[in-house]
>>> print(open('work.cif').read())   # mmCIF, C-alpha atoms
data_protein
#
loop_
_atom_site.label_atom_id
_atom_site.label_comp_id
_atom_site.auth_asym_id
_atom_site.auth_seq_id
_atom_site.Cartn_x
_atom_site.Cartn_y
_atom_site.Cartn_z
CA MET A 1 7.95 17.49 22.12
CA ALA A 2 7.28 14.02 23.55
CA LYS A 3 3.69 13.50 24.76
CA ALA A 4 4.56 12.56 28.35
CA LEU A 5 6.90 15.55 28.53
CA ASN A 6 4.25 17.91 27.22
CA GLN A 7 1.78 16.56 29.78
CA LEU A 8 4.28 17.18 32.57
CA VAL A 9 4.86 20.76 31.36
CA GLN A 10 1.09 21.36 31.27
CA SER A 11 0.68 20.02 34.81
CA LEU A 12 3.54 22.13 36.17
CA LYS A 13 2.06 25.22 34.50
CA GLN A 14 -0.98 24.84 36.77
CA LEU A 15 1.12 25.62 39.84
CA PRO A 16 0.62 29.17 41.14
CA GLY A 17 3.27 31.57 39.82
CA VAL A 18 4.62 29.17 37.19
CA GLY A 19 4.44 30.29 33.56
CA PRO A 20 5.02 28.26 30.38
CA LYS A 21 8.79 28.97 30.29
CA SER A 22 9.38 28.07 33.94
CA ALA A 23 7.27 24.94 33.51
CA GLN A 24 9.50 23.81 30.62
CA ARG A 25 12.63 24.53 32.62
CA MET A 26 11.26 22.61 35.62
CA ALA A 27 10.27 19.61 33.51
CA TYR A 28 13.69 19.35 31.85
CA LYS A 29 15.50 19.84 35.12
CA LEU A 30 13.43 17.15 36.83
CA LEU A 31 13.85 14.63 34.02
CA LEU A 32 17.54 15.26 33.36
CA HIS A 33 19.27 16.04 36.60
CA LYS A 34 16.72 15.47 39.35
CA ARG A 35 14.95 12.21 38.57
CA HIS A 36 15.23 11.24 42.21
CA GLN A 37 13.52 14.47 43.33
CA ALA A 38 10.86 14.05 40.66
CA ALA A 39 9.97 10.64 42.05
CA ALA A 40 9.95 12.08 45.58
CA LEU A 41 7.61 14.88 44.47
CA ALA A 42 5.20 12.45 42.83
CA GLU A 43 5.17 10.37 45.99
CA ALA A 44 4.74 13.39 48.28
CA LEU A 45 1.79 14.58 46.19
CA THR A 46 0.07 11.20 46.23
CA GLU A 47 0.66 10.80 49.95
CA ALA A 48 -0.53 14.32 50.83
CA LEU A 49 -3.66 13.87 48.74
CA ALA A 50 -4.45 10.63 50.54
CA ASP A 51 -3.58 11.78 54.09
CA ILE A 52 -4.31 15.49 54.36
CA GLY A 53 -7.77 16.76 55.07
CA GLN A 54 -9.35 19.62 56.97
CA CYS A 55 -9.58 19.76 60.75
CA GLN A 56 -13.18 19.29 61.89
CA ARG A 57 -12.92 22.19 64.31
CA CYS A 58 -10.71 24.84 62.66
CA ARG A 59 -10.51 23.79 58.98
CA ASP A 60 -6.69 23.93 58.98
CA LEU A 61 -4.99 21.23 56.92
CA THR A 62 -4.12 18.18 59.00
CA GLU A 63 -3.60 14.43 58.91
CA GLN A 64 -5.89 13.85 61.90
CA SER A 65 -9.59 14.54 62.10
CA VAL A 66 -8.85 17.22 64.71
CA CYS A 67 -5.55 19.11 64.28
CA SER A 68 -2.80 19.32 66.89
CA LEU A 69 -3.59 22.97 67.70
CA CYS A 70 -7.27 22.26 68.38
CA SER A 71 -6.51 19.20 70.50
CA ASP A 72 -3.74 20.96 72.49
CA SER A 73 -5.23 21.44 75.97
CA ALA A 74 -2.47 23.95 76.84
CA ARG A 75 -4.01 26.48 74.43
CA ASP A 76 -6.69 28.92 75.47
CA ALA A 77 -9.95 27.66 73.93
CA SER A 78 -11.79 30.85 74.89
CA VAL A 79 -10.02 33.01 72.26
CA LEU A 80 -10.50 32.23 68.59
CA CYS A 81 -8.47 33.94 65.86
CA VAL A 82 -10.18 33.87 62.44
CA VAL A 83 -7.67 33.85 59.56
CA GLU A 84 -8.03 33.68 55.79
CA SER A 85 -5.47 30.98 55.09
CA PRO A 86 -3.25 28.37 56.75
CA LEU A 87 -0.28 30.59 55.82
CA ASP A 88 -1.73 33.41 57.93
CA LEU A 89 -2.10 30.90 60.77
CA LEU A 90 1.59 29.97 60.39
CA ALA A 91 2.53 33.67 60.44
CA PHE A 92 0.71 34.11 63.77
CA GLU A 93 2.28 30.95 65.20
CA GLN A 94 5.73 32.19 64.24
CA THR A 95 5.25 35.35 66.30
CA GLY A 96 4.74 33.11 69.33
CA SER A 97 2.48 35.75 70.87
CA PHE A 98 -0.89 34.07 70.47
CA ARG A 99 -1.92 31.13 72.69
CA GLY A 100 -5.55 30.76 71.63
CA GLN A 101 -7.08 28.70 68.86
CA TYR A 102 -7.74 29.41 65.20
CA PHE A 103 -10.43 29.18 62.57
CA VAL A 104 -9.37 29.07 58.90
CA LEU A 105 -11.73 30.53 56.26
CA HIS A 106 -9.72 29.47 53.17
CA GLY A 107 -10.61 32.66 51.34
CA GLN A 108 -12.65 35.84 51.53
CA LEU A 109 -16.34 36.40 50.86
CA SER A 110 -16.59 36.87 47.10
CA PRO A 111 -20.03 35.98 45.71
CA LEU A 112 -18.88 36.55 42.10
CA ASP A 113 -16.28 33.79 42.51
CA GLY A 114 -18.82 31.52 44.17
CA LEU A 115 -17.34 32.04 47.62
CA GLY A 116 -20.28 32.47 49.97
CA PRO A 117 -20.56 31.97 53.76
CA SER A 118 -20.80 28.18 53.50
CA GLU A 119 -17.65 27.94 51.32
CA LEU A 120 -15.80 29.78 54.10
CA GLY A 121 -17.11 27.34 56.71
CA LEU A 122 -19.13 30.02 58.52
CA PRO A 123 -21.95 27.59 59.53
CA LEU A 124 -19.27 25.55 61.37
CA PHE A 125 -17.95 28.81 62.88
CA ALA A 126 -21.46 29.74 64.09
CA SER A 127 -21.95 26.29 65.62
CA ARG A 128 -18.64 26.68 67.49
CA LEU A 129 -19.81 30.05 68.83
CA ALA A 130 -23.03 28.37 69.95
CA GLU A 131 -21.02 25.88 72.05
CA GLY A 132 -20.47 28.76 74.47
CA GLN A 133 -16.79 28.12 75.19
CA ILE A 134 -15.49 31.00 73.04
CA LYS A 135 -15.35 34.37 74.82
CA GLU A 136 -13.49 36.46 72.23
CA VAL A 137 -13.09 36.31 68.46
CA ILE A 138 -10.12 38.08 66.85
CA ILE A 139 -11.02 38.77 63.22
CA ALA A 140 -7.70 38.73 61.35
CA THR A 141 -8.89 39.01 57.75
CA SER A 142 -6.72 41.10 55.46
CA PRO A 143 -7.22 44.90 55.29
CA THR A 144 -8.71 44.85 51.78
CA MET A 145 -12.22 45.53 50.54
CA GLU A 146 -13.12 41.81 50.49
CA GLY A 147 -11.36 41.23 53.82
CA GLU A 148 -13.37 44.03 55.44
CA ALA A 149 -16.63 42.67 54.02
CA THR A 150 -15.77 39.22 55.39
CA ALA A 151 -14.90 40.74 58.77
CA TYR A 152 -18.24 42.59 58.84
CA TYR A 153 -20.13 39.35 58.13
CA ILE A 154 -18.24 37.51 60.89
CA GLN A 155 -18.88 40.35 63.30
CA GLN A 156 -22.62 39.95 62.71
CA LEU A 157 -22.32 36.30 63.72
CA THR A 158 -20.37 37.12 66.89
CA ASP A 159 -22.79 39.92 67.79
CA ALA A 160 -25.71 37.52 67.35
CA ALA A 161 -23.99 35.00 69.64
CA GLN A 162 -23.10 37.80 72.10
CA VAL A 163 -19.39 37.08 71.84
CA ARG A 164 -16.83 39.91 71.98
CA SER A 165 -15.02 40.48 68.66
CA SER A 166 -11.96 42.53 67.79
CA ARG A 167 -9.91 43.43 64.71
CA LEU A 168 -6.14 43.65 64.32
CA ALA A 169 -4.78 47.15 64.99
CA GLN A 170 -3.92 49.19 61.91
CA GLY A 171 -0.97 51.57 61.89
CA VAL A 172 2.65 52.13 61.06
CA PRO A 173 4.58 48.84 60.62
CA MET A 174 7.61 48.29 62.87
CA GLY A 175 10.80 49.59 61.26
CA GLY A 176 8.79 51.21 58.49
CA SER A 177 9.70 54.61 57.14
CA LEU A 178 6.88 57.15 57.44
CA GLU A 179 7.63 58.87 54.14
CA LEU A 180 7.16 55.60 52.22
CA LEU A 181 3.85 54.72 53.92
CA ASP A 182 0.59 55.12 52.01
CA GLY A 183 -1.72 57.93 53.06
CA ALA A 184 -4.62 55.70 54.16
CA THR A 185 -2.43 53.81 56.67
CA LEU A 186 -0.90 57.01 57.99
CA ALA A 187 -4.35 58.57 58.45
CA GLN A 188 -5.48 55.43 60.36
CA ALA A 189 -2.35 55.53 62.52
CA LEU A 190 -3.01 59.18 63.35
CA MET A 191 -6.66 58.54 64.15
CA ASN A 192 -5.89 55.53 66.37
CA ARG A 193 -2.97 57.22 68.21
CA HIS A 194 -2.55 56.18 71.83
CA MET B 1 2.52 21.51 60.13
CA ALA B 2 1.36 18.01 59.20
CA LYS B 3 4.18 15.62 58.17
CA ALA B 4 2.83 14.80 54.71
CA LEU B 5 2.28 18.50 54.08
CA ASN B 6 5.80 19.37 55.16
CA GLN B 7 7.19 16.67 52.88
CA LEU B 8 5.23 18.10 49.94
CA VAL B 9 6.55 21.61 50.68
CA GLN B 10 10.12 20.27 50.83
CA SER B 11 9.69 18.47 47.49
CA LEU B 12 8.21 21.53 45.79
CA LYS B 13 11.09 23.65 47.12
CA GLN B 14 13.48 21.52 45.01
CA LEU B 15 11.93 22.85 41.80
CA PRO B 16 14.08 25.49 40.09
CA GLY B 17 13.02 29.03 40.99
CA VAL B 18 10.76 27.98 43.87
CA GLY B 19 11.59 29.30 47.34
CA PRO B 20 10.16 28.24 50.73
CA LYS B 21 7.26 30.73 50.60
CA SER B 22 6.18 29.80 47.05
CA ALA B 23 6.45 26.12 47.93
CA GLN B 24 4.07 26.63 50.87
CA ARG B 25 1.65 28.56 48.70
CA MET B 26 1.78 25.86 46.02
CA ALA B 27 1.22 23.05 48.51
CA TYR B 28 -1.84 24.73 50.07
CA LYS B 29 -3.28 25.63 46.69
CA LEU B 30 -2.86 22.07 45.42
CA LEU B 31 -4.39 20.47 48.50
CA LEU B 32 -7.26 22.92 48.95
CA HIS B 33 -8.48 24.05 45.57
CA LYS B 34 -6.65 21.94 43.01
CA ARG B 35 -6.71 18.35 44.25
CA HIS B 36 -7.56 17.21 40.75
CA GLN B 37 -4.52 19.00 39.30
CA ALA B 38 -2.31 17.66 42.09
CA ALA B 39 -3.29 14.11 41.17
CA ALA B 40 -2.66 14.90 37.49
CA LEU B 41 0.78 16.29 38.31
CA ALA B 42 1.73 13.21 40.33
CA GLU B 43 0.61 11.01 37.44
CA ALA B 44 2.41 13.11 34.81
CA LEU B 45 5.62 12.94 36.84
CA THR B 46 5.45 9.17 37.27
CA GLU B 47 4.61 8.67 33.61
CA ALA B 48 7.35 10.98 32.34
CA LEU B 49 9.93 9.30 34.58
CA ALA B 50 8.95 5.91 33.22
CA ASP B 51 8.64 6.87 29.55
CA ILE B 52 11.11 9.66 28.83
CA GLY B 53 14.74 8.96 28.10
CA GLN B 54 17.46 10.40 25.91
CA CYS B 55 17.61 9.89 22.14
CA GLN B 56 20.48 7.57 21.21
CA ARG B 57 21.61 9.89 18.43
CA CYS B 58 21.06 13.48 19.65
CA ARG B 59 20.48 13.13 23.43
CA ASP B 60 17.24 15.14 23.27
CA LEU B 61 14.48 13.94 25.59
CA THR B 62 12.15 11.49 23.88
CA GLU B 63 9.84 8.55 24.43
CA GLN B 64 11.45 6.51 21.61
CA SER B 65 15.02 5.24 21.45
CA VAL B 66 15.60 7.60 18.50
CA CYS B 67 13.69 10.90 18.57
CA SER B 68 11.33 12.14 15.87
CA LEU B 69 13.79 14.78 14.63
CA CYS B 70 16.61 12.27 14.18
CA SER B 71 14.37 9.74 12.43
CA ASP B 72 12.77 12.37 10.15
CA SER B 73 14.18 11.62 6.69
CA ALA B 74 13.01 15.03 5.43
CA ARG B 75 15.66 16.74 7.53
CA ASP B 76 19.18 17.38 6.32
CA ALA B 77 21.43 14.88 8.08
CA SER B 78 24.59 16.57 6.81
CA VAL B 79 24.22 19.64 9.08
CA LEU B 80 24.37 19.19 12.84
CA CYS B 81 23.55 22.00 15.27
CA VAL B 82 25.11 21.52 18.72
CA VAL B 83 23.03 23.11 21.49
CA GLU B 84 23.37 23.25 25.26
CA SER B 85 19.82 22.29 26.21
CA PRO B 86 16.55 20.95 24.82
CA LEU B 87 15.12 24.45 25.35
CA ASP B 88 17.72 25.90 22.97
CA LEU B 89 16.69 23.22 20.47
CA LEU B 90 13.06 24.29 20.84
CA ALA B 91 14.07 27.92 20.30
CA PHE B 92 15.76 26.98 17.01
CA GLU B 93 12.77 24.88 15.93
CA GLN B 94 10.44 27.78 16.62
CA THR B 95 12.36 30.01 14.19
CA GLY B 96 11.57 27.44 11.47
CA SER B 97 14.80 28.40 9.70
CA PHE B 98 16.90 25.31 10.42
CA ARG B 99 16.25 22.02 8.64
CA GLY B 100 19.25 20.02 9.84
CA GLN B 101 19.64 17.83 12.89
CA TYR B 102 20.70 18.56 16.46
CA PHE B 103 22.99 17.36 19.18
CA VAL B 104 22.14 18.24 22.80
CA LEU B 105 25.00 18.65 25.30
CA HIS B 106 22.83 19.10 28.42
CA GLY B 107 25.27 21.62 29.87
CA GLN B 108 28.59 23.33 29.36
CA LEU B 109 32.10 22.04 30.07
CA SER B 110 32.67 22.78 33.74
CA PRO B 111 35.29 20.50 35.33
CA LEU B 112 34.70 22.00 38.79
CA ASP B 113 31.04 20.89 38.67
CA GLY B 114 32.07 17.45 37.40
CA LEU B 115 30.90 18.21 33.85
CA GLY B 116 33.60 16.82 31.55
CA PRO B 117 33.44 15.79 27.88
CA SER B 118 31.79 12.45 28.63
CA GLU B 119 29.02 14.07 30.71
CA LEU B 120 28.23 16.24 27.66
CA GLY B 121 28.08 13.17 25.41
CA LEU B 122 31.10 14.24 23.37
CA PRO B 123 32.28 10.64 22.78
CA LEU B 124 28.89 9.99 21.12
CA PHE B 125 29.31 13.24 19.17
CA ALA B 126 32.79 12.14 17.98
CA SER B 127 31.44 8.76 16.89
CA ARG B 128 28.72 10.51 14.89
CA LEU B 129 31.34 12.66 13.17
CA ALA B 130 33.27 9.47 12.38
CA GLU B 131 30.22 8.07 10.56
CA GLY B 132 31.09 10.51 7.76
CA GLN B 133 27.55 11.71 7.03
CA ILE B 134 27.93 15.08 8.74
CA LYS B 135 29.44 17.82 6.55
CA GLU B 136 28.94 20.86 8.80
CA VAL B 137 28.64 21.42 12.53
CA ILE B 138 27.02 24.62 13.83
CA ILE B 139 28.24 25.21 17.37
CA ALA B 140 25.40 27.06 19.11
CA THR B 141 26.70 27.14 22.68
CA SER B 142 25.95 30.31 24.62
CA PRO B 143 28.28 33.32 24.33
CA THR B 144 29.66 32.98 27.87
CA MET B 145 33.10 31.97 29.11
CA GLU B 146 32.04 28.33 29.65
CA GLY B 147 30.10 28.29 26.38
CA GLU B 148 33.17 29.50 24.47
CA ALA B 149 35.38 26.89 26.16
CA THR B 150 32.86 24.19 25.22
CA ALA B 151 32.75 25.50 21.64
CA TYR B 152 36.54 25.43 21.46
CA TYR B 153 36.61 21.81 22.63
CA ILE B 154 33.97 20.81 20.07
CA GLN B 155 35.87 22.63 17.34
CA GLN B 156 38.92 20.52 18.09
CA LEU B 157 36.80 17.40 17.57
CA THR B 158 35.40 18.67 14.25
CA ASP B 159 38.87 19.75 13.10
CA ALA B 160 40.23 16.31 13.92
CA ALA B 161 37.40 14.72 11.93
CA GLN B 162 37.96 17.27 9.12
CA VAL B 163 34.37 18.51 9.32
CA ARG B 164 33.57 22.19 8.74
CA SER B 165 32.40 24.00 11.88
CA SER B 166 30.78 27.40 12.39
CA ARG B 167 29.57 29.58 15.26
CA LEU B 168 26.41 31.70 15.49
CA ALA B 169 26.94 35.30 14.36
CA GLN B 170 27.30 37.85 17.14
CA GLY B 171 25.95 41.35 16.79
CA VAL B 172 23.10 43.73 17.44
CA PRO B 173 19.81 41.91 18.24
CA MET B 174 16.83 42.67 15.98
CA GLY B 175 14.76 45.57 17.32
CA GLY B 176 17.41 46.30 19.94
CA SER B 177 18.34 49.84 20.81
CA LEU B 178 22.05 50.60 20.27
CA GLU B 179 22.37 52.84 23.30
CA LEU B 180 21.24 50.04 25.62
CA LEU B 181 23.60 47.44 24.15
CA ASP B 182 26.71 46.39 26.09
CA GLY B 183 30.07 47.51 24.78
CA ALA B 184 31.42 44.05 24.03
CA THR B 185 28.51 43.19 21.72
CA LEU B 186 28.71 46.55 19.97
CA ALA B 187 32.46 46.11 19.41
CA GLN B 188 31.80 42.62 17.95
CA ALA B 189 29.05 43.98 15.71
CA LEU B 190 31.41 46.69 14.46
CA MET B 191 34.24 44.22 13.82
CA ASN B 192 31.98 41.76 11.98
CA ARG B 193 30.22 44.41 9.88
CA HIS B 194 29.19 43.31 6.38
#
>>> encode(input="work.cif", output="structure tokens")
Amino acid sequence: MAKALNQLVQSLKQLPGVGPKSAQRMAYKLLLHKRHQAAALAEALTEALADIGQCQRCRDLTEQSVCSLCSDSARDASVLCVVESPLDLLAFEQTGSFRGQYFVLHGQLSPLDGLGPSELGLPLFASRLAEGQIKEVIIATSPTMEGEATAYYIQQLTDAAQVRSSRLAQGVPMGGSLELLDGATLAQALMNRH
Amino acid sequence: MAKALNQLVQSLKQLPGVGPKSAQRMAYKLLLHKRHQAAALAEALTEALADIGQCQRCRDLTEQSVCSLCSDSARDASVLCVVESPLDLLAFEQTGSFRGQYFVLHGQLSPLDGLGPSELGLPLFASRLAEGQIKEVIIATSPTMEGEATAYYIQQLTDAAQVRSSRLAQGVPMGGSLELLDGATLAQALMNRH
């Protein structure tokens, strides 16, 4: 295989969810039938790398130093929703039912992978709590072991700053069938009945 | 979402087998944790676009004007294996049981998609037959309707040039279980028993 082609296959293989076979197929497709798209992709990558950084207040990806959500005065700056990833933030935004601001961790606490409090931006989070504007923190980490540990750590910070904190409700998903639900969720839903 | 980020997601979505959700995940991963790989991918794309073209003799992707397989004097230039894609060529090479040369169609005859004989390089194929060096053509198109139609067309060219042509054997795959095999293959295997 040609050297430049092999290099392209290796680079594509680094993308999440792309194996060696898919990488080959992508490389051939790009070079044979989609040269225009390949050039566009190279340009988009270069441009995004140059332009996109993290928001100074919420750590979401943005082209400005402070993102549009953080600088939007129409949003409620007293409620902060802590999410694990920008995709979770998008999911909340798509519901249209949250008008506060966000804080993006970019991961979960995982000391073995080298992800400690400072990698998750928690010193910045603590300094935002210290500003005194935030009245409630919604901890929306995922309901996994690591997510719970992260939530516990964040709760300690909010308790120390005497800010109210809450977690997302756990229960039966809308439209879900009870018989297909796992036992742990069903037990939680029963316990938290209202 | 930031404009440069959106553009990157749109470009990634053009890759085969990548949907909107995977494209988002890829974009975030590249910009957050794999900036080095993102730069490498952009560079590999640009380099491959500049360097890689089609071999003048077999239409495989290569950095030279004639690829290494076609210019390898150790290979048997009297046998030509016609394949649909460079990946099929790689599959043959990996078996190590073919020492002839190849011709890559980059597709199947499909008039509705605008893929006629000249898109598949068949004029070049005919001119290579006319050179008189090729004694046998192995038509290794896939065993689908379009593949068979393409094979039939190629056979007409070889017949006209009075060159022997053959097709890959059809039958039970090695290690396959008979009960799971489709009826058409089993019928073929029965008919072509030896």
>>> closest_residue(input="work.cif", among="A:Leu112, A:Ala74, A:Val66, A:Cys55", to="A:Pro86", atoms="all atoms listed in the file")
A:Cys55
>>> resolve_selection(input="work.cif", expression="the PyMOL selection byres ((chain A) within 7 of (chain B))", output="list in words")
Ala2, Ala4, Leu5, Gln7, Leu8, Ser11, Leu12, Leu15, Pro16, Met26, Leu31, Gln37, Ala38, Ala39, Ala40, Leu41, Ala42, Ala44, Leu45, Thr46, Glu47, Ala48, Leu49, Thr62 and Glu63 of chain A
>>> atom_distance(input="work.cif", atom1="atom CA of B:Leu180", atom2="atom CA of B:Ser142")
20.3 Å
>>> closest_residue(input="work.cif", among="B:Leu168, B:Arg59, B:Gly132, B:Asp76", to="B:Glu119", atoms="only C-alpha atoms")
B:Arg59
>>> resolve_selection(input="work.cif", expression="the PyMOL selection byres ((chain B and resi 120) around 12)", output="MDAnalysis selection string")
chainID B and resid 58:60 82:85 103:111 114:119 121:126 150:151 153:154
>>> resolve_selection(input="work.cif", expression="the PyMOL selection byres ((chain A and resi 98) around 10)", output="PDB file with C-alpha atoms, in the frame of the given file")
ATOM      1  CA  ARG A  75      -4.010  26.480  74.430  1.00  0.00           C
ATOM      2  CA  ASP A  76      -6.690  28.920  75.470  1.00  0.00           C
ATOM      3  CA  VAL A  79     -10.020  33.010  72.260  1.00  0.00           C
ATOM      4  CA  LEU A  80     -10.500  32.230  68.590  1.00  0.00           C
ATOM      5  CA  CYS A  81      -8.470  33.940  65.860  1.00  0.00           C
ATOM      6  CA  PHE A  92       0.710  34.110  63.770  1.00  0.00           C
ATOM      7  CA  GLU A  93       2.280  30.950  65.200  1.00  0.00           C
ATOM      8  CA  GLN A  94       5.730  32.190  64.240  1.00  0.00           C
ATOM      9  CA  THR A  95       5.250  35.350  66.300  1.00  0.00           C
ATOM     10  CA  GLY A  96       4.740  33.110  69.330  1.00  0.00           C
ATOM     11  CA  SER A  97       2.480  35.750  70.870  1.00  0.00           C
ATOM     12  CA  ARG A  99      -1.920  31.130  72.690  1.00  0.00           C
ATOM     13  CA  GLY A 100      -5.550  30.760  71.630  1.00  0.00           C
ATOM     14  CA  GLN A 101      -7.080  28.700  68.860  1.00  0.00           C
ATOM     15  CA  TYR A 102      -7.740  29.410  65.200  1.00  0.00           C
TER      16      TYR A 102
END
>>> closest_residue(input="work.cif", among="B:Ala77, B:Leu89, B:Glu146, B:Cys70", to="B:Ile134", atoms="all atoms listed in the file")
B:Ala77
>>> atom_distance(input="work.cif", atom1="atom CA of A:Lys135", atom2="atom CA of A:Met191")
27.8 Å
>>> closest_residue(input="work.cif", among="A:Ser177, A:Thr144, A:Gln170, A:Gln156", to="A:Asn192", atoms="all atoms listed in the file")
A:Gln170
>>> closest_residue(input="work.cif", among="B:Gly176, B:Tyr152, B:Ala160, B:Ala187", to="B:Ala140", atoms="all atoms listed in the file")
B:Tyr152
>>> atom_distance(input="work.cif", atom1="atom CA of A:Arg164", atom2="atom CA of A:Glu136")
4.8 Å
>>> closest_residue(input="work.cif", among="B:Leu157, B:Met145, B:Leu181, B:Ala169", to="B:Arg128", atoms="only C-alpha atoms")
B:Leu157
>>> decode(input="work.cif", residues="stretch 24-43 of chain B", atoms="N, CA and C atoms", output="tab-separated table (two decimals), in the first residue's frame")
chain	number	residue	atom	x	y	z
B	24	GLN	N	-20.49	13.89	15.95
B	24	GLN	CA	-20.34	14.77	17.12
B	24	GLN	C	-19.31	14.22	18.09
B	25	ARG	N	-19.44	12.91	18.39
B	25	ARG	CA	-18.54	12.30	19.34
B	25	ARG	C	-17.09	12.40	18.85
B	26	MET	N	-16.90	12.12	17.53
B	26	MET	CA	-15.56	12.22	16.96
B	26	MET	C	-15.00	13.63	17.09
B	27	ALA	N	-15.82	14.62	16.74
B	27	ALA	CA	-15.36	16.00	16.75
B	27	ALA	C	-14.91	16.40	18.16
B	28	TYR	N	-15.74	16.09	19.18
B	28	TYR	CA	-15.38	16.46	20.54
B	28	TYR	C	-14.12	15.75	20.99
B	29	LYS	N	-14.04	14.45	20.67
B	29	LYS	CA	-12.88	13.67	21.06
B	29	LYS	C	-11.61	14.27	20.45
B	30	LEU	N	-11.69	14.60	19.15
B	30	LEU	CA	-10.52	15.14	18.46
B	30	LEU	C	-10.09	16.47	19.08
B	31	LEU	N	-11.07	17.32	19.38
B	31	LEU	CA	-10.72	18.67	19.84
B	31	LEU	C	-10.33	18.70	21.31
B	32	LEU	N	-10.85	17.74	22.10
B	32	LEU	CA	-10.56	17.77	23.52
B	32	LEU	C	-9.33	16.98	23.89
B	33	HIS	N	-9.33	15.68	23.48
B	33	HIS	CA	-8.30	14.80	23.99
B	33	HIS	C	-7.28	14.39	22.94
B	34	LYS	N	-7.57	14.65	21.66
B	34	LYS	CA	-6.70	14.13	20.62
B	34	LYS	C	-6.32	15.21	19.62
B	35	ARG	N	-5.96	16.38	20.11
B	35	ARG	CA	-5.62	17.48	19.20
B	35	ARG	C	-4.42	17.10	18.32
B	36	HIS	N	-3.51	16.34	18.90
B	36	HIS	CA	-2.34	15.92	18.14
B	36	HIS	C	-2.77	15.03	16.96
B	37	GLN	N	-3.67	14.05	17.26
B	37	GLN	CA	-4.15	13.17	16.20
B	37	GLN	C	-4.96	13.93	15.16
B	38	ALA	N	-5.72	14.93	15.60
B	38	ALA	CA	-6.52	15.71	14.66
B	38	ALA	C	-5.61	16.41	13.66
B	39	ALA	N	-4.51	16.98	14.17
B	39	ALA	CA	-3.56	17.65	13.29
B	39	ALA	C	-2.93	16.63	12.33
B	40	ALA	N	-2.62	15.43	12.86
B	40	ALA	CA	-2.02	14.39	12.02
B	40	ALA	C	-2.99	13.96	10.92
B	41	LEU	N	-4.28	13.87	11.27
B	41	LEU	CA	-5.28	13.47	10.28
B	41	LEU	C	-5.40	14.52	9.17
B	42	ALA	N	-5.44	15.79	9.58
B	42	ALA	CA	-5.53	16.87	8.58
B	42	ALA	C	-4.35	16.81	7.63
B	43	GLU	N	-3.17	16.56	8.20
B	43	GLU	CA	-1.95	16.50	7.39
B	43	GLU	C	-1.97	15.28	6.46
